[in-house]
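Colleague: For reference, this is structure-v2.cif, and it has mmCIF, C-alpha atoms.
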data_start
#
loop_
_atom_site.group_PDB
_atom_site.id
_atom_site.type_symbol
_atom_site.label_atom_id
_atom_site.label_comp_id
_atom_site.auth_asym_id
_atom_site.auth_seq_id
_atom_site.Cartn_x
_atom_site.Cartn_y
_atom_site.Cartn_z
ATOM 1 C CA MET H 1 -23.820 1.935 6.675
ATOM 2 C CA ILE H 2 -24.458 -0.221 9.752
ATOM 3 C CA ASN H 3 -28.061 -1.275 10.225
ATOM 4 C CA LYS H 4 -30.233 -0.071 13.098
ATOM 5 C CA THR H 5 -30.328 -3.465 14.823
ATOM 6 C CA PHE H 6 -26.541 -3.712 14.989
ATOM 7 C CA LYS H 7 -26.271 -0.104 16.124
ATOM 8 C CA ASN H 8 -28.785 -0.736 18.915
ATOM 9 C CA SER H 9 -26.831 -3.849 19.935
ATOM 10 C CA LEU H 10 -23.614 -1.849 20.311
ATOM 11 C CA GLU H 11 -25.334 0.867 22.293
ATOM 12 C CA SER H 12 -26.970 -1.704 24.587
ATOM 13 C CA GLN H 13 -23.450 -2.958 25.420
ATOM 14 C CA GLY H 14 -22.458 0.517 26.562
ATOM 15 C CA TYR H 15 -20.645 1.641 23.405
ATOM 16 C CA THR H 16 -21.018 5.121 21.968
ATOM 17 C CA ILE H 17 -20.650 5.392 18.186
ATOM 18 C CA LYS H 18 -18.317 8.302 17.349
ATOM 19 C CA GLY H 19 -17.930 7.772 13.621
ATOM 20 C CA GLU H 20 -18.316 5.393 10.703
ATOM 21 C CA TYR H 21 -15.972 5.034 7.718
ATOM 22 C CA SER H 22 -16.274 2.922 4.586
ATOM 23 C CA GLY H 23 -13.088 1.511 3.095
ATOM 24 C CA TYR H 24 -12.153 -0.722 0.181
ATOM 25 C CA ARG H 25 -12.227 -3.915 2.241
ATOM 26 C CA ASN H 26 -14.202 -3.014 5.336
ATOM 27 C CA THR H 27 -16.447 -0.672 7.254
ATOM 28 C CA GLN H 28 -14.873 0.830 10.357
ATOM 29 C CA ILE H 29 -16.840 2.065 13.357
ATOM 30 C CA HIS H 30 -15.155 4.325 15.907
ATOM 31 C CA LEU H 31 -16.467 3.454 19.366
ATOM 32 C CA SER H 32 -15.930 4.610 22.911
ATOM 33 C CA LYS H 33 -16.760 2.919 26.211
ATOM 34 C CA ASN H 34 -15.711 3.776 29.757
ATOM 35 C CA SER H 35 -13.315 6.513 28.549
ATOM 36 C CA LYS H 36 -11.568 4.095 26.161
ATOM 37 C CA GLU H 37 -11.722 4.177 22.372
ATOM 38 C CA TYR H 38 -11.977 1.257 19.955
ATOM 39 C CA MET H 39 -12.273 0.545 16.250
ATOM 40 C CA LEU H 40 -14.722 -2.098 15.090
ATOM 41 C CA CYS H 41 -14.027 -3.512 11.616
ATOM 42 C CA ILE H 42 -16.684 -5.259 9.545
ATOM 43 C CA TYR H 43 -14.940 -7.015 6.658
ATOM 44 C CA LYS H 44 -16.512 -7.617 3.277
ATOM 45 C CA LYS H 45 -17.031 -11.193 2.192
ATOM 46 C CA GLU H 46 -14.025 -12.303 0.165
ATOM 47 C CA LYS H 47 -12.330 -15.605 -0.489
ATOM 48 C CA LYS H 48 -9.952 -16.489 2.373
ATOM 49 C CA ILE H 49 -10.643 -13.148 4.062
ATOM 50 C CA LYS H 50 -10.407 -14.657 7.571
ATOM 51 C CA ASN H 51 -6.946 -16.123 6.863
ATOM 52 C CA ARG H 52 -5.784 -12.815 5.400
ATOM 53 C CA ILE H 53 -6.980 -10.835 8.432
ATOM 54 C CA ASP H 54 -5.617 -13.405 10.887
ATOM 55 C CA ASN H 55 -2.187 -13.109 9.261
ATOM 56 C CA ALA H 56 -2.317 -9.312 9.277
ATOM 57 C CA ASP H 57 -3.361 -9.219 12.936
ATOM 58 C CA ARG H 58 -0.623 -11.643 13.913
ATOM 59 C CA ILE H 59 2.026 -9.516 12.192
ATOM 60 C CA MET H 60 0.714 -6.371 13.891
ATOM 61 C CA SER H 61 0.830 -8.109 17.276
ATOM 62 C CA LEU H 62 4.512 -8.872 16.670
ATOM 63 C CA CYS H 63 5.181 -5.210 15.788
ATOM 64 C CA TYR H 64 3.535 -3.916 18.965
ATOM 65 C CA PRO H 65 4.431 -1.919 21.071
ATOM 66 C CA ALA H 66 7.545 -0.865 19.111
ATOM 67 C CA LEU H 67 5.321 0.601 16.382
ATOM 68 C CA PRO H 68 1.907 2.324 16.487
ATOM 69 C CA VAL H 69 -0.268 -0.479 15.114
ATOM 70 C CA LYS H 70 -3.760 -1.525 16.148
ATOM 71 C CA GLN H 71 -4.250 -4.640 18.260
ATOM 72 C CA ARG H 72 -7.022 -7.198 18.033
ATOM 73 C CA ILE H 73 -9.120 -7.290 21.176
ATOM 74 C CA LYS H 74 -11.702 -9.902 20.231
ATOM 75 C CA VAL H 75 -13.609 -11.443 17.332
ATOM 76 C CA ILE H 76 -17.261 -10.450 17.501
ATOM 77 C CA SER H 77 -18.465 -12.634 14.622
ATOM 78 C CA THR H 78 -17.166 -14.832 11.828
ATOM 79 C CA SER H 79 -20.514 -15.425 10.106
ATOM 80 C CA PRO H 80 -22.184 -14.064 8.089
ATOM 81 C CA SER H 81 -19.629 -11.246 8.363
ATOM 82 C CA LEU H 82 -16.178 -11.159 9.935
ATOM 83 C CA ILE H 83 -16.370 -8.524 12.698
ATOM 84 C CA ILE H 84 -13.355 -7.744 14.900
ATOM 85 C CA LEU H 85 -12.869 -5.231 17.709
ATOM 86 C CA TYR H 86 -9.483 -3.466 17.758
ATOM 87 C CA SER H 87 -7.664 -0.880 19.812
ATOM 88 C CA TYR H 88 -7.997 2.652 18.455
ATOM 89 C CA LEU H 89 -5.228 4.612 16.726
ATOM 90 C CA PRO H 90 -5.431 8.423 16.844
ATOM 91 C CA GLY H 91 -4.551 10.676 13.937
ATOM 92 C CA ASN H 92 -5.658 11.167 10.347
ATOM 93 C CA THR H 93 -4.454 10.408 6.842
ATOM 94 C CA ILE H 94 -3.239 13.358 4.771
ATOM 95 C CA SER H 95 -4.442 14.521 1.389
ATOM 96 C CA TRP H 96 -2.141 13.818 -1.528
ATOM 97 C CA GLU H 97 -1.635 17.562 -1.908
ATOM 98 C CA GLY H 98 -0.660 17.801 1.769
ATOM 99 C CA TYR H 99 2.745 16.103 1.738
ATOM 100 C CA THR H 100 5.505 18.089 3.439
ATOM 101 C CA MET H 101 9.180 17.331 3.907
ATOM 102 C CA LYS H 102 8.413 16.114 7.449
ATOM 103 C CA HIS H 103 5.695 13.721 6.239
ATOM 104 C CA ILE H 104 8.020 12.164 3.653
ATOM 105 C CA LYS H 105 10.936 11.820 6.074
ATOM 106 C CA GLY H 106 8.546 10.224 8.571
ATOM 107 C CA LEU H 107 7.438 7.660 6.003
ATOM 108 C CA GLY H 108 11.046 6.707 5.330
ATOM 109 C CA GLU H 109 11.900 6.543 9.026
ATOM 110 C CA TYR H 110 8.960 4.334 9.938
ATOM 111 C CA MET H 111 9.444 2.067 6.947
ATOM 112 C CA GLY H 112 13.015 1.547 8.191
ATOM 113 C CA LYS H 113 11.755 0.758 11.694
ATOM 114 C CA LEU H 114 9.085 -1.532 10.278
ATOM 115 C CA HIS H 115 11.602 -3.423 8.131
ATOM 116 C CA THR H 116 13.886 -3.899 11.130
ATOM 117 C CA ILE H 117 11.064 -5.532 13.108
ATOM 118 C CA LEU H 118 9.604 -7.522 10.193
ATOM 119 C CA GLY H 119 13.088 -8.792 9.388
ATOM 120 C CA ARG H 120 13.199 -10.557 12.765
ATOM 121 C CA ILE H 121 9.964 -12.477 12.201
ATOM 122 C CA ARG H 122 10.084 -15.919 10.631
ATOM 123 C CA TYR H 123 7.952 -15.342 7.556
ATOM 124 C CA LYS H 124 7.754 -19.074 6.886
ATOM 125 C CA ASP H 125 5.690 -19.440 10.063
ATOM 126 C CA ILE H 126 2.980 -17.194 8.590
ATOM 127 C CA GLU H 127 0.855 -17.955 5.531
ATOM 128 C CA LEU H 128 2.032 -15.264 3.123
ATOM 129 C CA GLU H 129 2.444 -14.986 -0.631
ATOM 130 C CA ASN H 130 5.782 -14.561 -2.360
ATOM 131 C CA GLU H 131 5.906 -10.969 -3.640
ATOM 132 C CA ILE H 132 8.303 -11.908 -6.465
ATOM 133 C CA ASP H 133 5.840 -14.527 -7.709
ATOM 134 C CA LEU H 134 2.992 -12.003 -7.450
ATOM 135 C CA SER H 135 5.009 -9.463 -9.440
ATOM 136 C CA VAL H 136 5.842 -11.989 -12.152
ATOM 137 C CA SER H 137 2.145 -12.876 -12.348
ATOM 138 C CA HIS H 138 1.291 -9.174 -12.761
ATOM 139 C CA LEU H 139 3.970 -8.833 -15.429
ATOM 140 C CA LYS H 140 2.541 -11.726 -17.456
ATOM 141 C CA GLU H 141 -0.946 -10.238 -17.091
ATOM 142 C CA MET H 142 0.311 -6.914 -18.433
ATOM 143 C CA ASP H 143 2.268 -8.530 -21.245
ATOM 144 C CA LYS H 144 -0.867 -10.305 -22.453
ATOM 145 C CA TYR H 145 -2.979 -7.147 -22.177
ATOM 146 C CA PHE H 146 -0.559 -4.862 -24.003
ATOM 147 C CA LYS H 147 -0.072 -7.357 -26.835
ATOM 148 C CA ASP H 148 -3.789 -7.315 -27.620
ATOM 149 C CA LYS H 149 -4.323 -5.602 -30.985
ATOM 150 C CA GLY H 150 -7.529 -3.941 -29.834
ATOM 151 C CA VAL H 151 -5.833 -2.550 -26.747
ATOM 152 C CA LEU H 152 -2.908 -1.216 -28.784
ATOM 153 C CA GLU H 153 -5.241 0.502 -31.266
ATOM 154 C CA ALA H 154 -7.305 2.038 -28.466
ATOM 155 C CA MET H 155 -4.187 3.287 -26.678
ATOM 156 C CA LYS H 156 -2.858 4.915 -29.828
ATOM 157 C CA ASN H 157 -6.168 6.460 -30.904
ATOM 158 C CA LYS H 158 -7.503 7.577 -27.512
ATOM 159 C CA LEU H 159 -4.376 8.096 -25.404
ATOM 160 C CA GLN H 160 -1.716 8.713 -28.088
ATOM 161 C CA VAL H 161 0.726 6.330 -26.369
ATOM 162 C CA TYR H 162 1.987 2.812 -26.822
ATOM 163 C CA PRO H 163 3.921 0.423 -24.527
ATOM 164 C CA SER H 164 7.666 0.088 -25.064
ATOM 165 C CA PHE H 165 8.760 -1.956 -22.050
ATOM 166 C CA ASP H 166 10.684 -5.215 -22.364
ATOM 167 C CA THR H 167 9.022 -8.072 -20.472
ATOM 168 C CA LYS H 168 12.181 -10.183 -20.586
ATOM 169 C CA LYS H 169 14.198 -7.460 -18.835
ATOM 170 C CA TYR H 170 11.717 -7.313 -15.981
ATOM 171 C CA LEU H 171 11.717 -11.109 -15.706
ATOM 172 C CA LYS H 172 15.492 -10.944 -15.426
ATOM 173 C CA VAL H 173 15.192 -8.414 -12.594
ATOM 174 C CA PHE H 174 12.783 -10.645 -10.680
ATOM 175 C CA ASN H 175 15.003 -13.680 -11.184
ATOM 176 C CA GLU H 176 17.915 -11.687 -9.737
ATOM 177 C CA LEU H 177 15.770 -10.764 -6.736
ATOM 178 C CA ARG H 178 15.316 -14.444 -5.880
ATOM 179 C CA SER H 179 18.948 -14.592 -4.725
ATOM 180 C CA MET H 180 18.408 -11.766 -2.231
ATOM 181 C CA ASN H 181 17.373 -12.161 1.415
ATOM 182 C CA SER H 182 13.622 -12.209 1.988
ATOM 183 C CA GLN H 183 11.529 -10.947 4.859
ATOM 184 C CA ILE H 184 7.944 -9.893 5.553
ATOM 185 C CA LEU H 185 6.903 -6.803 3.554
ATOM 186 C CA HIS H 186 4.001 -4.408 4.080
ATOM 187 C CA MET H 187 3.509 -3.615 0.344
ATOM 188 C CA ASP H 188 0.872 -0.934 0.985
ATOM 189 C CA PHE H 189 2.896 1.602 2.968
ATOM 190 C CA VAL H 190 1.233 4.635 1.447
ATOM 191 C CA ARG H 191 -0.528 7.848 2.366
ATOM 192 C CA GLY H 192 -3.939 6.241 2.933
ATOM 193 C CA ASN H 193 -2.540 3.732 5.410
ATOM 194 C CA ILE H 194 -0.463 6.078 7.569
ATOM 195 C CA LEU H 195 -1.977 8.252 10.308
ATOM 196 C CA PHE H 196 -0.416 11.568 11.318
ATOM 197 C CA ASN H 197 -1.103 13.990 14.147
ATOM 198 C CA ALA H 198 -1.167 17.781 13.898
ATOM 199 C CA LYS H 199 2.617 17.891 14.422
ATOM 200 C CA LYS H 200 3.046 15.719 11.278
ATOM 201 C CA GLU H 201 4.214 12.785 13.430
ATOM 202 C CA ILE H 202 3.148 9.237 12.559
ATOM 203 C CA THR H 203 0.590 7.927 15.057
ATOM 204 C CA GLY H 204 -0.606 4.832 13.222
ATOM 205 C CA ILE H 205 0.314 2.278 10.570
ATOM 206 C CA ILE H 206 -2.689 0.362 9.283
ATOM 207 C CA ASP H 207 -3.761 -2.144 6.616
ATOM 208 C CA PHE H 208 -1.326 -5.048 6.850
ATOM 209 C CA GLU H 209 -3.602 -7.173 4.649
ATOM 210 C CA LYS H 210 -1.294 -7.021 1.615
ATOM 211 C CA CYS H 211 1.691 -8.318 3.574
ATOM 212 C CA SER H 212 3.838 -10.753 1.614
ATOM 213 C CA TYR H 213 7.481 -11.781 1.712
ATOM 214 C CA GLY H 214 10.455 -10.948 -0.467
ATOM 215 C CA PRO H 215 13.472 -8.598 -0.630
ATOM 216 C CA ARG H 216 12.743 -5.288 1.141
ATOM 217 C CA VAL H 217 13.675 -3.343 -2.004
ATOM 218 C CA LEU H 218 10.228 -4.296 -3.338
ATOM 219 C CA ASP H 219 8.536 -2.545 -0.417
ATOM 220 C CA ILE H 220 10.756 0.512 -0.818
ATOM 221 C CA ALA H 221 10.112 0.774 -4.570
ATOM 222 C CA ARG H 222 6.349 0.286 -4.158
ATOM 223 C CA THR H 223 6.127 3.202 -1.709
ATOM 224 C CA LEU H 224 8.505 5.401 -3.706
ATOM 225 C CA ALA H 225 6.395 4.839 -6.833
ATOM 226 C CA PHE H 226 3.337 6.089 -4.969
ATOM 227 C CA LEU H 227 5.234 9.095 -3.612
ATOM 228 C CA LEU H 228 6.482 10.153 -7.054
ATOM 229 C CA VAL H 229 2.864 10.377 -8.206
ATOM 230 C CA ASP H 230 1.311 11.696 -4.986
ATOM 231 C CA CYS H 231 3.809 14.449 -4.139
ATOM 232 C CA LYS H 232 2.825 16.956 -6.803
ATOM 233 C CA TYR H 233 4.577 19.873 -5.077
ATOM 234 C CA LYS H 234 7.934 18.171 -4.481
ATOM 235 C CA SER H 235 10.636 17.425 -7.050
ATOM 236 C CA GLU H 236 11.691 13.825 -7.601
ATOM 237 C CA GLU H 237 15.144 14.671 -6.279
ATOM 238 C CA LYS H 238 13.728 15.938 -2.997
ATOM 239 C CA ILE H 239 11.303 13.034 -2.635
ATOM 240 C CA ARG H 240 14.136 10.542 -2.983
ATOM 241 C CA LYS H 241 16.354 12.522 -0.605
ATOM 242 C CA TYR H 242 13.690 12.867 2.107
ATOM 243 C CA PHE H 243 12.275 9.338 1.856
ATOM 244 C CA LEU H 244 15.348 7.222 1.133
ATOM 245 C CA TYR H 245 18.237 9.032 2.755
ATOM 246 C CA SER H 246 16.947 11.418 5.434
ATOM 247 C CA GLY H 247 14.152 9.021 6.405
ATOM 248 C CA TYR H 248 14.876 5.371 5.656
ATOM 249 C CA SER H 249 18.663 5.494 6.048
ATOM 250 C CA LYS H 250 19.419 8.251 8.589
ATOM 251 C CA ARG H 251 16.372 8.062 10.855
ATOM 252 C CA GLY H 252 15.246 4.510 10.112
ATOM 253 C CA LYS H 253 18.824 3.204 10.330
ATOM 254 C CA MET H 254 18.474 0.899 7.323
ATOM 255 C CA LYS H 255 20.750 0.607 4.301
ATOM 256 C CA VAL H 256 19.279 1.890 1.038
ATOM 257 C CA PRO H 257 19.459 -0.770 -1.727
ATOM 258 C CA SER H 258 20.938 -0.127 -5.167
ATOM 259 C CA SER H 259 19.463 2.983 -6.810
ATOM 260 C CA LYS H 260 19.554 1.235 -10.173
ATOM 261 C CA LEU H 261 17.471 -1.651 -8.844
ATOM 262 C CA ILE H 262 15.055 0.693 -7.078
ATOM 263 C CA ASN H 263 14.524 2.632 -10.321
ATOM 264 C CA LYS H 264 13.731 -0.519 -12.304
ATOM 265 C CA LEU H 265 11.188 -1.631 -9.711
ATOM 266 C CA VAL H 266 9.651 1.844 -9.417
ATOM 267 C CA ASN H 267 9.039 1.776 -13.175
ATOM 268 C CA PHE H 268 7.504 -1.684 -12.867
ATOM 269 C CA PHE H 269 5.081 -0.624 -10.138
ATOM 270 C CA LEU H 270 4.127 2.539 -12.019
ATOM 271 C CA LEU H 271 3.539 0.440 -15.128
ATOM 272 C CA TYR H 272 1.281 -1.851 -13.117
ATOM 273 C CA ASP H 273 -0.646 1.183 -11.809
ATOM 274 C CA PHE H 274 -0.933 2.443 -15.397
ATOM 275 C CA PHE H 275 -2.236 -0.960 -16.481
ATOM 276 C CA LYS H 276 -4.865 -0.969 -13.705
ATOM 277 C CA PHE H 277 -6.037 2.485 -14.772
ATOM 278 C CA LEU H 278 -6.499 1.243 -18.348
ATOM 279 C CA TYR H 279 -8.078 -2.053 -17.334
ATOM 280 C CA HIS H 280 -10.667 -0.625 -14.935
ATOM 281 C CA THR H 281 -11.441 2.834 -16.362
ATOM 282 C CA PRO H 282 -12.899 3.949 -19.708
ATOM 283 C CA TYR H 283 -10.031 5.459 -21.689
ATOM 284 C CA GLU H 284 -12.070 8.580 -22.452
ATOM 285 C CA SER H 285 -12.300 9.569 -18.762
ATOM 286 C CA LEU H 286 -8.594 9.109 -17.984
ATOM 287 C CA LYS H 287 -7.680 12.587 -19.249
ATOM 288 C CA ASP H 288 -9.479 14.008 -16.186
ATOM 289 C CA ASN H 289 -7.676 11.760 -13.688
ATOM 290 C CA GLU H 290 -4.650 13.604 -12.298
ATOM 291 C CA HIS H 291 -3.147 10.449 -10.769
ATOM 292 C CA PHE H 292 -3.299 8.773 -14.173
ATOM 293 C CA ILE H 293 -1.758 11.789 -15.913
ATOM 294 C CA ARG H 294 1.136 11.950 -13.447
ATOM 295 C CA THR H 295 1.689 8.176 -13.714
ATOM 296 C CA ARG H 296 1.670 8.386 -17.508
ATOM 297 C CA ASN H 297 4.107 11.309 -17.529
ATOM 298 C CA ARG H 298 6.541 9.508 -15.228
ATOM 299 C CA LEU H 299 6.458 6.439 -17.500
ATOM 300 C CA LEU H 300 7.015 8.633 -20.568
ATOM 301 C CA GLU H 301 10.080 10.180 -18.916
ATOM 302 C CA SER H 302 11.436 6.684 -18.232
ATOM 303 C CA LYS H 303 10.553 5.538 -21.777
ATOM 304 C CA VAL H 304 8.471 2.644 -20.429
ATOM 305 C CA ILE H 305 5.716 3.965 -22.703
ATOM 306 C CA CYS H 306 6.126 6.320 -25.660
ATOM 307 C CA LEU H 307 4.075 8.907 -27.517
ATOM 308 C CA ILE H 308 2.943 7.971 -30.996
#
Show this structure as structure tokens.

Modeller:
Amino acid sequence: MINKTFKNSLESQGYTIKGEYSGYRNTQIHLSKNSKEYMLCIYKKEKKIKNRIDNADRIMSLCYPALPVKQRIKVISTSPSLIILYSYLPGNTISWEGYTMKHIKGLGEYMGKLHTILGRIRYKDIELENEIDLSVSHLKEMDKYFKDKGVLEAMKNKLQVYPSFDTKKYLKVFNELRSMNSQILHMDFVRGNILFNAKKEITGIIDFEKCSYGPRVLDIARTLAFLLVDCKYKSEEKIRKYFLYSGYSKRGKMKVPSSKLINKLVNFFLLYDFFKFLYHTPYESLKDNEHFIRTRNRLLESKVICLI
């Protein structure tokens, strides 16, 4: 919550506070002034947070006005907190139960449009991480975790599963990716970062802070992995059809990469989500987490993990 002094300061400048929202990385304050609307973001203190936000804002500026992305208006403060005033994007995120065919097609279409624009930007001119290197780092982290005897015993006794993935096969996949063309990737193109209006049209794409660079198939697989868990009322066949072919290919006018490669990467990202569930949550409470259950079931179907 913003403190009274800061609130009074905003109001003394002629702003009206219309709403306040707490996110993972920031607090957002919806403001209005002279019939115009704004979003003020107060970022949490993190290492290199200013560089991360500067990069994200620069990428968004290069996507505007072709895509509905917020634009930095001015930096209010850099110390003790990073506070930036942005243009306002209308619309709302949808619940994970609320996905319709139109929502999924829209995600595919706008990812295609986003990839077209990001593919024209020289990623070497922006300080970004290599997504392949990040993925390999995550893979090594998981390999170490799942080889721990205590972890294996706990998984078998409390979750009745054990890991059966081959680290070397995933390393081979990532090495193959290094020969593919790279571009800037969003890597968080998911329900919580897409705004829709009442007509189920996309009105905003937010949170470019995880942007990295690498082959676009990584971005596609990351979003598809989320969709397969989030879309509880849609079959996998329909999700793939709406997102990849009706959305990304037909409406977004981008070629869909190899299905075989997409499937391998989807399993990797789901495995990483599964790992994060185990690492950050007491095993006993996971049985009540529907996202965990759906992630686990998808990995069981793909034989990335197995029942004891």

Colleague: When the PyMOL selection byres ((chain H and resi 135) around 10) is applied to the structure above, which residues does it catch, written out as an mmCIF file with C-alpha atoms, keeping the file's coordinate frame?

Modeller:
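Saved to selection_24.cif:
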data_model
loop_
_atom_site.group_PDB
_atom_site.id
_atom_site.type_symbol
_atom_site.label_atom_id
_atom_site.label_comp_id
_atom_site.auth_asym_id
_atom_site.auth_seq_id
_atom_site.Cartn_x
_atom_site.Cartn_y
_atom_site.Cartn_z
ATOM 1 C CA ASN H 130 5.782 -14.561 -2.360
ATOM 2 C CA GLU H 131 5.906 -10.969 -3.640
ATOM 3 C CA ILE H 132 8.303 -11.908 -6.465
ATOM 4 C CA ASP H 133 5.840 -14.527 -7.709
ATOM 5 C CA LEU H 134 2.992 -12.003 -7.450
ATOM 6 C CA VAL H 136 5.842 -11.989 -12.152
ATOM 7 C CA SER H 137 2.145 -12.876 -12.348
ATOM 8 C CA HIS H 138 1.291 -9.174 -12.761
ATOM 9 C CA LEU H 139 3.970 -8.833 -15.429
ATOM 10 C CA LYS H 140 2.541 -11.726 -17.456
ATOM 11 C CA GLU H 141 -0.946 -10.238 -17.091
ATOM 12 C CA TYR H 170 11.717 -7.313 -15.981
ATOM 13 C CA LEU H 171 11.717 -11.109 -15.706
ATOM 14 C CA PHE H 174 12.783 -10.645 -10.680
ATOM 15 C CA LEU H 218 10.228 -4.296 -3.338
ATOM 16 C CA LEU H 265 11.188 -1.631 -9.711
ATOM 17 C CA PHE H 268 7.504 -1.684 -12.867
ATOM 18 C CA PHE H 269 5.081 -0.624 -10.138
ATOM 19 C CA TYR H 272 1.281 -1.851 -13.117
#

Colleague: Could you check how far atom CA of Ser164 of chain H sits from atom CA of Cys306 of chain H, in Å to one decimal?

Modeller: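 Here the two named atoms are 6.4 Å from each other.
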
Colleague: With only C-alpha atoms as the basis for distance, which of H:Lys158, H:Lys238, H:His186, H:Arg298 is at the shortest distance from Ala56 of chain H?

Modeller: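 Result for the nearest residue to Ala56 of chain H: H:His186.
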
Colleague: When you draw a straight line from atom CA of Ile73 of chain H to atom CA of Tyr86 of chain H, how long is it in Å?

Modeller: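 Computed distance, atom CA of Ile73 of chain H to atom CA of Tyr86 of chain H, equals 5.1 Å.
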
Colleague: Which of these residues is nearest to Gly214 of chain H, using all atoms listed in the file: H:Ser35, H:Gln183, H:Thr100, H:Asn197?

Modeller: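 Closest residue, counting all atoms listed in the file: H:Gln183.
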
Colleague: Would you please work out which residue, of H:Arg251, H:Lys168, H:Asn157, H:Leu177, is nearest to Asp143 of chain H when using only C-alpha atoms?

Modeller: H:Lys168

Colleague: What lies within 12 Å of Met111 of chain H using only C-alpha atoms, ignoring chain neighbours under 6 positions off, as JSON, numbers by chain?

Modeller: {"H": [67, 104, 105, 117, 118, 119, 185, 186, 187, 188, 189, 190, 194, 202, 205, 216, 217, 219, 220, 221, 222, 223, 224, 243, 244, 245, 247, 248, 249, 250, 251, 252, 253, 254, 255, 256]}

Colleague: When the PyMOL selection byres ((chain H and resi 203) around 12) is applied to the file above, which residues end up in the set, as a ChimeraX atom specification?

Modeller: /H:66-70,88-93,103,106-107,110,193-202,204-206

Colleague: May I have the residues within 10 Å of Ile49 of chain H as a PyMOL selection string, using only C-alpha atoms and disregarding those fewer than 5 positions away in the same chain?

Modeller: chain H and resi 25+43-44+54-55+82+209
